[in-house]
$ cat final26.tsv   # TSV, C-alpha atoms and all ligand atoms
chain	number	residue	atom	x	y	z
A	13	MET	CA	18.18	-4.26	1.62
A	14	LYS	CA	17.44	-7.73	2.92
A	15	LEU	CA	19.29	-8.55	6.14
A	16	VAL	CA	20.21	-12.12	7.04
A	17	LEU	CA	21.62	-13.36	10.33
A	18	GLN	CA	22.94	-16.91	10.25
A	19	ASN	CA	23.63	-18.77	13.50
A	20	LEU	CA	24.93	-15.56	14.99
A	21	THR	CA	26.60	-16.05	18.37
A	22	LYS	CA	28.48	-13.66	20.63
A	23	LYS	CA	30.16	-14.80	23.82
A	24	PHE	CA	31.88	-12.55	26.32
A	25	PRO	CA	34.46	-13.80	28.81
A	26	SER	CA	33.17	-13.90	32.37
A	27	ARG	CA	33.62	-10.68	34.30
A	28	ASN	CA	33.41	-12.59	37.53
A	29	ARG	CA	36.87	-13.88	38.44
A	30	LYS	CA	35.54	-16.76	40.50
A	31	SER	CA	33.41	-18.31	37.79
A	32	LYS	CA	34.85	-19.16	34.42
A	33	GLU	CA	31.46	-19.21	32.80
A	34	GLU	CA	31.20	-16.96	29.79
A	35	VAL	CA	28.21	-14.80	28.97
A	36	VAL	CA	26.41	-15.84	25.79
A	37	ALA	CA	24.90	-12.49	24.87
A	38	VAL	CA	23.59	-13.68	21.50
A	39	ASN	CA	22.97	-17.39	21.13
A	40	ASP	CA	22.70	-19.00	17.68
A	41	PHE	CA	20.41	-16.36	16.24
A	42	THR	CA	19.04	-17.03	12.78
A	43	PHE	CA	16.55	-14.86	10.99
A	44	GLU	CA	15.93	-12.90	7.85
A	45	ILE	CA	14.52	-9.39	7.55
A	46	PRO	CA	12.93	-8.70	4.18
A	47	ASP	CA	13.88	-5.51	2.37
A	48	GLY	CA	12.12	-2.44	3.72
A	49	GLU	CA	10.69	-4.00	6.88
A	50	LEU	CA	10.73	-2.45	10.31
A	51	ILE	CA	11.58	-5.11	12.87
A	52	GLY	CA	11.05	-4.54	16.57
A	53	LEU	CA	13.68	-6.39	18.59
A	54	LEU	CA	12.07	-6.88	21.95
A	55	GLY	CA	13.32	-8.37	25.17
A	56	PRO	CA	14.10	-7.56	28.79
A	57	SER	CA	17.16	-5.57	29.77
A	58	GLY	CA	20.37	-7.59	29.42
A	59	CYS	CA	18.97	-10.09	26.93
A	60	GLY	CA	21.47	-9.16	24.20
A	61	LYS	CA	19.64	-6.56	22.10
A	62	SER	CA	22.46	-4.00	22.00
A	63	THR	CA	25.01	-6.73	21.38
A	64	MET	CA	22.95	-7.82	18.40
A	65	LEU	CA	22.99	-4.31	16.94
A	66	ASN	CA	26.72	-3.99	17.59
A	67	LEU	CA	27.28	-7.20	15.64
A	68	ILE	CA	25.12	-6.01	12.75
A	69	CYS	CA	26.87	-2.63	12.50
A	70	GLY	CA	30.31	-4.15	12.97
A	71	LEU	CA	31.33	-2.54	16.27
A	72	GLN	CA	31.71	-6.06	17.65
A	73	LYS	CA	32.80	-9.28	15.95
A	74	PRO	CA	30.64	-12.37	16.33
A	75	THR	CA	32.14	-15.43	18.02
A	76	SER	CA	30.55	-17.44	15.22
A	77	GLY	CA	27.92	-17.08	12.54
A	78	LYS	CA	27.46	-14.80	9.57
A	79	ILE	CA	25.73	-11.55	8.61
A	80	PHE	CA	24.56	-10.75	5.09
A	81	PHE	CA	23.28	-7.48	3.67
A	82	GLY	CA	21.46	-8.64	0.55
A	83	ASP	CA	23.87	-11.16	-0.96
A	84	ASP	CA	26.98	-9.50	0.53
A	85	ASP	CA	28.65	-11.28	3.41
A	86	VAL	CA	29.55	-8.33	5.66
A	87	THR	CA	30.70	-10.40	8.64
A	88	ASP	CA	34.32	-9.25	8.29
A	89	LEU	CA	33.64	-5.81	6.86
A	90	PRO	CA	34.63	-2.84	9.06
A	91	PRO	CA	31.71	-0.73	10.31
A	92	GLU	CA	32.43	2.27	8.05
A	93	HIS	CA	32.01	0.11	4.95
A	94	ARG	CA	28.72	-1.49	5.94
A	95	GLY	CA	26.43	1.44	5.24
A	96	VAL	CA	24.64	1.33	8.56
A	97	GLY	CA	22.93	4.24	10.30
A	98	LEU	CA	22.86	4.05	14.07
A	99	VAL	CA	20.85	5.88	16.69
A	100	PHE	CA	21.43	5.28	20.38
A	101	GLN	CA	19.44	6.06	23.47
A	102	ASN	CA	21.87	8.86	24.31
A	103	TYR	CA	21.81	10.82	21.12
A	104	ALA	CA	25.45	11.96	21.49
A	105	LEU	CA	25.22	15.03	19.29
A	106	TYR	CA	28.30	17.23	19.05
A	107	PRO	CA	27.45	20.06	21.47
A	108	HIS	CA	29.68	22.68	19.83
A	109	LEU	CA	28.26	22.10	16.34
A	110	THR	CA	24.97	23.45	14.99
A	111	VAL	CA	22.18	21.11	13.99
A	112	LEU	CA	23.17	21.52	10.34
A	113	GLN	CA	26.82	20.72	11.11
A	114	ASN	CA	25.80	17.72	13.17
A	115	ILE	CA	23.81	16.34	10.25
A	116	THR	CA	26.46	17.02	7.60
A	117	PHE	CA	29.22	15.58	9.80
A	118	PRO	CA	29.02	12.01	8.41
A	119	LEU	CA	29.22	13.43	4.89
A	120	GLU	CA	32.51	15.24	5.53
A	121	ASN	CA	34.45	12.00	5.51
A	122	LEU	CA	33.19	10.73	2.18
A	123	ARG	CA	36.04	10.14	-0.26
A	124	GLY	CA	36.51	9.38	-3.91
A	125	GLU	CA	33.39	9.25	-6.03
A	126	ALA	CA	31.15	9.75	-3.04
A	127	LYS	CA	32.88	13.02	-2.03
A	128	MET	CA	30.43	15.92	-1.83
A	129	THR	CA	30.85	19.67	-2.18
A	130	LYS	CA	29.83	21.92	0.71
A	131	GLN	CA	26.76	22.94	-1.27
A	132	GLN	CA	25.72	19.33	-1.91
A	133	MET	CA	26.11	18.51	1.77
A	134	VAL	CA	23.91	21.39	2.84
A	135	GLU	CA	21.28	20.42	0.29
A	136	LYS	CA	21.30	16.80	1.42
A	137	ALA	CA	21.17	17.75	5.10
A	138	THR	CA	18.33	20.19	4.49
A	139	GLN	CA	16.36	17.54	2.66
A	140	ILE	CA	16.78	15.03	5.50
A	141	ALA	CA	16.01	17.72	8.08
A	142	GLY	CA	12.74	18.27	6.23
A	143	LEU	CA	11.97	14.58	6.41
A	144	VAL	CA	12.36	14.51	10.19
A	145	GLN	CA	10.75	17.96	10.48
A	146	ILE	CA	13.56	19.94	12.06
A	147	ASP	CA	14.27	22.17	9.05
A	148	GLY	CA	13.50	25.29	11.10
A	149	LEU	CA	16.19	24.47	13.65
A	150	LEU	CA	19.29	24.08	11.53
A	151	GLU	CA	21.26	26.97	13.04
A	152	ARG	CA	20.65	26.01	16.66
A	153	LYS	CA	23.03	24.19	18.96
A	154	PRO	CA	21.87	20.89	20.53
A	155	SER	CA	21.55	22.56	23.95
A	156	GLU	CA	18.85	24.80	22.46
A	157	LEU	CA	16.68	21.83	21.49
A	158	SER	CA	14.17	19.70	23.39
A	159	GLY	CA	14.89	16.01	23.91
A	160	GLY	CA	12.56	15.04	21.11
A	161	GLN	CA	14.18	17.50	18.72
A	162	GLN	CA	17.64	16.25	19.65
A	163	GLN	CA	16.55	12.72	18.90
A	164	ARG	CA	15.30	13.81	15.49
A	165	VAL	CA	18.68	15.37	14.77
A	166	ALA	CA	20.29	12.07	15.71
A	167	ILE	CA	17.94	10.25	13.35
A	168	ALA	CA	18.67	12.76	10.57
A	169	ARG	CA	22.39	12.24	11.09
A	170	ALA	CA	21.93	8.47	10.85
A	171	LEU	CA	19.90	8.85	7.65
A	172	VAL	CA	21.95	11.46	5.81
A	173	LYS	CA	24.23	8.90	4.13
A	174	MET	CA	21.16	6.89	3.09
A	175	PRO	CA	22.22	3.78	4.97
A	176	ARG	CA	21.38	0.29	3.75
A	177	VAL	CA	20.21	-0.59	7.24
A	178	LEU	CA	19.02	1.64	10.07
A	179	LEU	CA	19.56	0.49	13.66
A	180	LEU	CA	17.77	2.23	16.51
A	181	ASP	CA	18.80	1.22	20.04
A	182	GLU	CA	16.08	2.22	22.51
A	183	PRO	CA	15.86	5.61	20.82
A	184	LEU	CA	12.88	6.84	22.81
A	185	SER	CA	13.91	5.87	26.34
A	186	ASN	CA	15.03	9.36	27.31
A	187	LEU	CA	11.81	11.04	26.19
A	188	ASP	CA	8.75	11.68	28.33
A	189	ALA	CA	5.67	9.56	27.74
A	190	ARG	CA	3.86	11.95	25.43
A	191	LEU	CA	6.88	12.67	23.28
A	192	ARG	CA	7.63	8.98	23.14
A	193	LEU	CA	4.27	8.29	21.55
A	194	GLN	CA	4.65	11.10	19.08
A	195	THR	CA	8.24	10.26	18.15
A	196	ARG	CA	7.47	6.61	17.58
A	197	GLU	CA	4.80	7.58	15.06
A	198	GLU	CA	7.36	9.83	13.41
A	199	ILE	CA	9.91	7.02	13.21
A	200	LYS	CA	7.31	4.80	11.60
A	201	ARG	CA	6.51	7.49	9.03
A	202	ILE	CA	10.17	8.22	8.28
A	203	GLN	CA	10.87	4.52	7.87
A	204	ARG	CA	7.93	4.11	5.47
A	205	GLU	CA	8.97	7.11	3.42
A	206	THR	CA	12.60	6.04	3.10
A	207	GLY	CA	11.92	2.30	2.85
A	208	ILE	CA	15.15	1.58	4.73
A	209	THR	CA	15.29	-1.83	6.42
A	210	THR	CA	15.21	-0.97	10.11
A	211	ILE	CA	15.72	-2.69	13.44
A	212	PHE	CA	14.14	-0.91	16.36
A	213	VAL	CA	15.33	-2.17	19.73
A	214	THR	CA	13.19	-1.74	22.79
A	215	HIS	CA	12.31	-3.43	26.08
A	216	ASP	CA	8.86	-1.83	25.87
A	217	GLN	CA	6.36	-4.26	24.37
A	218	ASP	CA	3.80	-1.54	23.73
A	219	GLU	CA	6.32	0.42	21.68
A	220	ALA	CA	7.43	-2.65	19.72
A	221	MET	CA	3.85	-3.76	19.06
A	222	SER	CA	2.74	-0.38	17.76
A	223	ILE	CA	5.65	0.42	15.49
A	224	SER	CA	6.84	-2.87	14.00
A	225	ASP	CA	5.92	-4.80	10.87
A	226	ARG	CA	7.19	-7.83	12.76
A	227	ILE	CA	8.57	-8.33	16.22
A	228	VAL	CA	11.39	-10.56	17.35
A	229	VAL	CA	11.08	-11.58	20.99
A	230	MET	CA	14.33	-12.61	22.66
A	231	LYS	CA	15.49	-13.63	26.12
A	232	ASP	CA	18.96	-14.53	27.39
A	233	GLY	CA	20.37	-14.19	23.87
A	234	VAL	CA	17.90	-16.69	22.44
A	235	LEU	CA	15.23	-15.96	19.85
A	236	HIS	CA	11.83	-17.07	21.16
A	237	GLN	CA	9.37	-15.94	18.52
A	238	ILE	CA	9.11	-13.86	15.34
A	239	GLY	CA	5.90	-12.66	13.81
A	240	LYS	CA	3.43	-9.88	13.21
A	241	PRO	CA	2.71	-8.18	16.55
A	242	GLN	CA	-0.91	-9.29	16.63
A	243	ASP	CA	-0.04	-12.88	15.67
A	244	VAL	CA	2.55	-13.16	18.42
A	245	TYR	CA	0.09	-11.71	20.92
A	246	ASP	CA	-2.67	-14.09	19.81
A	247	ASP	CA	-0.47	-17.14	19.49
A	248	PRO	CA	2.53	-17.08	21.85
A	249	VAL	CA	4.83	-20.11	21.70
A	250	ASN	CA	5.66	-20.14	25.40
A	251	LEU	CA	4.87	-18.59	28.77
A	252	PHE	CA	7.67	-16.04	28.52
A	253	VAL	CA	6.33	-14.56	25.28
A	254	ALA	CA	2.75	-14.66	26.58
A	255	LYS	CA	3.80	-12.73	29.70
A	256	PHE	CA	6.00	-10.26	27.89
A	257	LEU	CA	3.28	-8.96	25.55
A	258	GLY	CA	0.11	-7.21	26.63
A	259	THR	CA	-1.10	-4.47	28.98
A	260	PRO	CA	-2.53	-5.25	31.42
A	261	PRO	CA	-0.40	-8.39	31.38
A	262	ILE	CA	-1.77	-11.88	30.95
A	263	ASN	CA	-3.14	-13.51	34.11
A	264	VAL	CA	-1.30	-16.70	35.04
A	265	PHE	CA	-2.68	-19.54	37.17
A	266	GLU	CA	-1.56	-22.95	38.31
A	267	GLY	CA	-3.83	-25.61	36.91
A	268	PHE	CA	-4.01	-29.11	35.53
A	269	VAL	CA	-5.57	-31.00	32.66
A	270	LYS	CA	-7.63	-34.10	33.36
A	271	ASP	CA	-9.70	-35.98	30.76
A	272	GLY	CA	-9.75	-33.07	28.34
A	273	LYS	CA	-10.88	-30.55	30.95
A	274	LEU	CA	-8.85	-27.67	32.31
A	275	HIS	CA	-8.96	-27.31	36.10
A	276	ILE	CA	-7.94	-24.34	38.22
A	277	GLY	CA	-8.28	-25.51	41.82
A	278	GLU	CA	-11.78	-26.89	42.26
A	279	ASP	CA	-13.14	-25.18	39.15
A	280	ILE	CA	-13.37	-26.89	35.78
A	281	VAL	CA	-12.89	-23.79	33.65
A	282	LEU	CA	-12.62	-24.93	30.00
A	283	ASP	CA	-12.73	-27.85	27.58
A	284	VAL	CA	-9.23	-28.53	26.30
A	285	LYS	CA	-9.75	-31.54	24.04
A	286	GLY	CA	-6.53	-32.99	22.73
A	287	ALA	CA	-4.40	-31.90	25.69
A	288	ALA	CA	-2.89	-34.70	27.78
A	289	ASP	CA	-3.32	-35.00	31.54
A	290	GLU	CA	-0.62	-32.97	33.28
A	291	ASP	CA	0.09	-29.94	35.47
A	292	VAL	CA	0.06	-26.69	33.51
A	293	TRP	CA	0.39	-22.94	33.71
A	294	VAL	CA	-2.83	-21.34	32.54
A	295	GLY	CA	-2.54	-17.92	30.89
A	296	ILE	CA	-5.74	-15.92	30.45
A	297	ARG	CA	-5.66	-12.59	28.62
A	298	PRO	CA	-7.53	-9.80	30.46
A	299	GLU	CA	-10.05	-9.67	27.60
A	300	GLY	CA	-10.60	-13.44	27.85
A	301	PHE	CA	-12.98	-13.23	30.80
A	302	VAL	CA	-16.73	-12.95	30.36
A	303	LEU	CA	-18.85	-11.92	33.34
A	304	ASP	CA	-21.31	-14.75	33.86
A	305	GLU	CA	-23.07	-15.48	37.12
A	306	ASN	CA	-23.23	-19.14	36.13
A	307	GLY	CA	-19.68	-19.16	34.79
A	308	PRO	CA	-17.35	-21.98	35.86
A	309	PHE	CA	-14.48	-19.86	37.19
A	310	SER	CA	-14.94	-18.29	40.58
A	311	CYS	CA	-12.70	-15.53	41.94
A	312	THR	CA	-12.77	-13.28	45.00
A	313	LEU	CA	-13.88	-9.79	44.01
A	314	SER	CA	-11.61	-6.91	45.10
A	315	GLY	CA	-13.02	-4.00	43.13
A	316	LEU	CA	-13.26	-2.16	39.84
A	317	GLU	CA	-10.89	0.06	37.91
A	318	VAL	CA	-12.51	2.25	35.30
A	319	MET	CA	-10.40	2.87	32.21
A	320	GLY	CA	-12.65	4.98	30.02
A	321	ARG	CA	-14.45	2.70	27.60
A	322	ASP	CA	-13.61	-0.44	29.56
A	323	VAL	CA	-13.81	-1.56	33.12
A	324	SER	CA	-11.22	-3.73	34.73
A	325	VAL	CA	-12.58	-6.16	37.31
A	326	VAL	CA	-9.93	-6.76	39.93
A	327	SER	CA	-10.12	-10.06	41.76
A	328	THR	CA	-7.97	-12.68	43.43
A	329	ASN	CA	-7.68	-16.42	43.34
A	330	GLU	CA	-5.49	-18.66	45.45
A	331	HIS	CA	-4.11	-20.36	42.34
A	332	SER	CA	-3.14	-17.12	40.64
A	333	ALA	CA	0.59	-16.56	40.09
A	334	ASN	CA	0.00	-12.78	40.17
A	335	PRO	CA	-1.20	-10.94	43.28
A	336	VAL	CA	-4.33	-9.77	41.46
A	337	ILE	CA	-6.30	-10.80	38.40
A	338	ARG	CA	-7.27	-8.08	35.95
A	339	SER	CA	-10.12	-8.85	33.57
A	340	ILE	CA	-11.34	-6.27	31.10
A	341	ILE	CA	-15.03	-6.11	30.37
A	342	SER	CA	-17.09	-3.56	28.53
A	343	ALA	CA	-18.38	-0.69	30.69
A	344	GLU	CA	-22.01	-1.65	29.99
A	345	ASN	CA	-21.64	-4.74	32.13
A	346	LYS	CA	-22.90	-4.41	35.69
A	347	VAL	CA	-20.78	-5.83	38.43
A	348	ASP	CA	-22.41	-6.51	41.78
A	349	LEU	CA	-19.84	-5.02	44.13
A	350	SER	CA	-21.69	-6.25	47.19
A	351	SER	CA	-20.94	-9.84	46.21
A	352	PRO	CA	-17.77	-11.39	47.66
A	353	THR	CA	-17.18	-13.45	44.53
A	354	VAL	CA	-17.28	-12.89	40.81
A	355	ARG	CA	-17.84	-15.66	38.29
A	356	PHE	CA	-16.44	-15.83	34.79
A	357	ALA	CA	-16.78	-17.86	31.66
A	358	LEU	CA	-13.63	-17.92	29.51
A	359	LYS	CA	-13.09	-17.24	25.81
A	360	PRO	CA	-11.20	-20.31	24.54
A	361	LYS	CA	-9.01	-18.33	22.11
A	362	LYS	CA	-7.79	-16.12	24.94
A	363	VAL	CA	-6.74	-19.01	27.16
A	364	PHE	CA	-3.30	-20.58	26.70
A	365	ILE	CA	-1.86	-23.54	28.56
A	366	PHE	CA	1.82	-24.23	29.05
A	367	ARG	CA	3.75	-27.30	30.16
A	368	LYS	CA	4.71	-26.77	33.79
A	369	SER	CA	8.31	-27.95	33.35
A	370	THR	CA	9.35	-26.33	30.05
A	371	GLU	CA	6.79	-23.51	29.86
A	372	GLU	CA	6.15	-24.49	26.24
A	373	ARG	CA	2.67	-23.95	24.86
A	374	ILE	CA	0.32	-26.96	24.78
A	375	ARG	CA	-2.21	-26.89	21.95
A	376	PHE	CA	-5.80	-28.01	22.37
A	377	ASP	CA	-8.85	-28.17	20.12
A	378	ILE	CA	-11.08	-25.15	20.31
A	379	GLY	CA	-14.60	-26.51	19.96
B	1	LIG	P1	20.46	-5.42	26.25
B	1	LIG	O1	20.86	-4.41	25.24
B	1	LIG	O2	19.38	-6.34	25.79
B	1	LIG	O3	20.12	-4.80	27.56
B	1	LIG	P2	23.25	-6.26	26.10
B	1	LIG	O4	23.42	-6.68	24.69
B	1	LIG	O5	23.77	-4.91	26.47
B	1	LIG	O6	21.71	-6.40	26.52
B	1	LIG	O7	23.95	-7.33	27.04
B	1	LIG	C1	23.72	-8.72	26.95
B	1	LIG	C2	24.59	-9.48	27.93
B	1	LIG	O8	25.95	-9.40	27.55
B	1	LIG	C3	24.52	-8.92	29.35
B	1	LIG	O9	24.59	-10.00	30.23
B	1	LIG	C4	25.74	-8.05	29.43
B	1	LIG	O10	26.19	-7.96	30.77
B	1	LIG	C5	26.73	-8.81	28.56
B	1	LIG	N1	27.70	-7.91	27.91
B	1	LIG	C6	27.41	-6.93	27.03
B	1	LIG	N2	28.55	-6.33	26.61
B	1	LIG	C7	29.57	-6.94	27.23
B	1	LIG	C8	31.00	-6.80	27.21
B	1	LIG	N3	31.59	-5.87	26.43
B	1	LIG	N4	31.73	-7.61	27.99
B	1	LIG	C9	31.14	-8.56	28.75
B	1	LIG	N5	29.81	-8.76	28.82
B	1	LIG	C10	29.02	-7.97	28.07
B	2	MG	MG	20.83	-2.30	25.37
$ encode --input "final26.tsv" --output "structure tokens"
Amino acid sequence: MKLVLQNLTKKFPSRNRKSKEEVVAVNDFTFEIPDGELIGLLGPSGCGKSTMLNLICGLQKPTSGKIFFGDDDVTDLPPEHRGVGLVFQNYALYPHLTVLQNITFPLENLRGEAKMTKQQMVEKATQIAGLVQIDGLLERKPSELSGGQQQRVAIARALVKMPRVLLLDEPLSNLDARLRLQTREEIKRIQRETGITTIFVTHDQDEAMSISDRIVVMKDGVLHQIGKPQDVYDDPVNLFVAKFLGTPPINVFEGFVKDGKLHIGEDIVLDVKGAADEDVWVGIRPEGFVLDENGPFSCTLSGLEVMGRDVSVVSTNEHSANPVIRSIISAENKVDLSSPTVRFALKPKKVFIFRKSTEERIRFDIG
């Protein structure tokens, strides 16, 4: 099912009695999710992700704008008629019901043509339990399950009615790191097998990047960028997006452009033909540095961090916006730790410049 959001806006009245200013949790959001895609909705805490899901499932009404499932305008449809499956961070299983009863629960309320016999419900639940691989646990109570298993039950419950759209609101946040990795792979598999259009909300860029067909990056209720994870990483539209994606994060410096050359302090670090003279933020991905004793960019060497295959050179620079600079180089490279400075050349495709005032990306010709 294709999902279309048209100029979707949600405002909340101010909770602060002194200021009348309302909170715009979702601000004029327009985008379309093709049928069967898994979208990662990514943004910092408080940016409006949960509000967005609440609007899509109908738990909240938009202040303005429209929502379509396929060609159906569902904006005024009550939640129970939208055909949405929801999974929250707190799985909220019924503690007194078994796993099987938890999964069949949404089927009990079906009426009319959709009404199912007990036998049909058990069959359906068993099939879905197989899909999320909890079919051996059907007689247990939620308290007898691990966190990861509970989350699978919650996903099974959301899927049992074969929703048109599946919404997952930070579903992995309560799991430990290892289980998080495993469960996100599972979610990806389940989504592929069912082909249900899915929105996966997270504040964790790593999670969004690994699981999504496309990511939507938002901040303060505003959509900043949509695209394939790698494309957004390689081609961020502004400083916020560039900083939000990537581990270790992008290194940011104060710099300026003069006569087609990019300066950081005294160093002329890169040709940026086509960019006008102005003050800029310079973003350099950790993998954008090349160790080069004759390189143009000089930093103060602090040390090395070994990360298996790669080595991270840690250095400082007075124009850096971050306390330290992390540059990733292959472990075969030798770094002279006795030297107080380290020199780098830069890979042009891994260097982004942003207008100082608006933080918008400035394009330049890569030679
Ligand atoms: P996220 O899920 O990205 O953390 P939310 O959608 O929960 O963000 O919240 C977005 C903004 O809207 C926040 O500033 C939050 O305080 C505000 N907000 C959310 N729900 C309400 C509400 N029911 N009443 C007033 N403000 C709300
Ligand atoms: Mg939230």
$ closest_atom_pairs --input "final26.tsv" --of "chain A" --to "ligand MG 2 (chain B)" --cutoff "9 Å" --atoms "all atoms listed in the file" --output "Markdown table"
| residue | atom | partner | partner_atom | distance |
| --- | --- | --- | --- | --- |
| A:Ser57 | CA | B:MG2 | MG | 6.6 |
| A:Gly58 | CA | B:MG2 | MG | 6.7 |
| A:Cys59 | CA | B:MG2 | MG | 8.2 |
| A:Gly60 | CA | B:MG2 | MG | 7.0 |
| A:Lys61 | CA | B:MG2 | MG | 5.5 |
| A:Ser62 | CA | B:MG2 | MG | 4.1 |
| A:Thr63 | CA | B:MG2 | MG | 7.3 |
| A:Leu65 | CA | B:MG2 | MG | 8.9 |
| A:Gln101 | CA | B:MG2 | MG | 8.7 |
| A:Asp181 | CA | B:MG2 | MG | 6.7 |
| A:Glu182 | CA | B:MG2 | MG | 7.2 |
| A:Val213 | CA | B:MG2 | MG | 7.9 |
| A:Thr214 | CA | B:MG2 | MG | 8.1 |
| A:His215 | CA | B:MG2 | MG | 8.6 |
$ residues_around --input "final26.tsv" --residues "Arg169 of chain A" --least-positions-apart "2" --cutoff "9 Å" --atoms "all atoms listed in the file" --output "PyMOL selection string"
chain A and resi 97-99+114-118+137+140-141+164-167+171-173
$ closest_atom_pairs --input "final26.tsv" --of "chain A" --to "ligand LIG 1 (chain B)" --cutoff "12 Å" --atoms "only C-alpha atoms and all ligand atoms" --output "tab-separated table"
residue	atom	partner	partner_atom	distance
A:Thr21	CA	B:LIG1	O8	11.4
A:Lys22	CA	B:LIG1	O8	8.5
A:Lys23	CA	B:LIG1	O8	7.8
A:Phe24	CA	B:LIG1	C9	4.7
A:Pro25	CA	B:LIG1	C9	6.2
A:Ser26	CA	B:LIG1	C9	6.8
A:Arg27	CA	B:LIG1	C9	6.4
A:Asn28	CA	B:LIG1	C9	9.9
A:Glu33	CA	B:LIG1	N5	11.3
A:Glu34	CA	B:LIG1	N5	8.4
A:Val35	CA	B:LIG1	O8	6.0
A:Val36	CA	B:LIG1	O8	6.7
A:Ala37	CA	B:LIG1	O8	4.2
A:Val38	CA	B:LIG1	C1	7.4
A:Asn39	CA	B:LIG1	C1	10.5
A:Leu53	CA	B:LIG1	O2	9.2
A:Leu54	CA	B:LIG1	O2	8.3
A:Gly55	CA	B:LIG1	O2	6.4
A:Pro56	CA	B:LIG1	O2	6.2
A:Ser57	CA	B:LIG1	O3	3.8
A:Gly58	CA	B:LIG1	O3	3.4
A:Cys59	CA	B:LIG1	O2	3.9
A:Gly60	CA	B:LIG1	O4	3.2
A:Lys61	CA	B:LIG1	O2	3.7
A:Ser62	CA	B:LIG1	O1	3.6
A:Thr63	CA	B:LIG1	O4	3.7
A:Met64	CA	B:LIG1	O4	6.4
A:Leu65	CA	B:LIG1	O4	8.1
A:Asn66	CA	B:LIG1	O4	8.3
A:Leu67	CA	B:LIG1	O4	9.9
A:Leu71	CA	B:LIG1	N3	10.7
A:Gln72	CA	B:LIG1	N3	8.8
A:Lys73	CA	B:LIG1	N3	11.1
A:Phe100	CA	B:LIG1	O1	10.9
A:Gln101	CA	B:LIG1	O1	10.7
A:Leu180	CA	B:LIG1	O1	11.4
A:Asp181	CA	B:LIG1	O1	7.9
A:Glu182	CA	B:LIG1	O1	8.6
A:Phe212	CA	B:LIG1	O1	11.7
A:Val213	CA	B:LIG1	O1	8.1
A:Thr214	CA	B:LIG1	O2	8.3
A:His215	CA	B:LIG1	O2	7.7
A:Asp216	CA	B:LIG1	O2	11.4
A:Val229	CA	B:LIG1	O2	10.9
A:Met230	CA	B:LIG1	O2	8.6
A:Lys231	CA	B:LIG1	O2	8.3
A:Asp232	CA	B:LIG1	C1	7.5
A:Gly233	CA	B:LIG1	C1	7.1
A:Val234	CA	B:LIG1	C1	10.9
$ atom_distance --input "final26.tsv" --atom1 "atom CA of Glu49 of chain A" --atom2 "atom CA of Gln145 of chain A"
22.3 Å
$ atom_distance --input "final26.tsv" --atom1 "atom CA of Glu219 of chain A" --atom2 "atom CA of Val336 of chain A"
24.7 Å
$ residues_around --input "final26.tsv" --residues "His108 of chain A" --least-positions-apart "6" --cutoff "12 Å" --atoms "all atoms listed in the file" --output "ChimeraX atom specification"
/A:114,151-156
$ closest_residue --input "final26.tsv" --among "A:Pro261, A:Gly272, A:Pro308, A:Gly379" --to "Ile337 of chain A" --atoms "only C-alpha atoms"
A:Pro261
$ residues_around --input "final26.tsv" --residues "segment 279-287 of chain A" --least-positions-apart "3" --cutoff "8 Å" --atoms "only C-alpha atoms" --output "ChimeraX atom specification"
/A:269,272-276,308-310,357-358,360,374-379
$ atom_distance --input "final26.tsv" --atom1 "atom CA of Asn329 of chain A" --atom2 "atom CA of Phe356 of chain A"
12.3 Å
$ residues_around --input "final26.tsv" --residues "Pro298 of chain A" --least-positions-apart "4" --cutoff "7 Å" --atoms "all atoms listed in the file" --output "list in words"
Pro260, Ile262, Asn263, Arg338, Ser339 and Ile340 of chain A
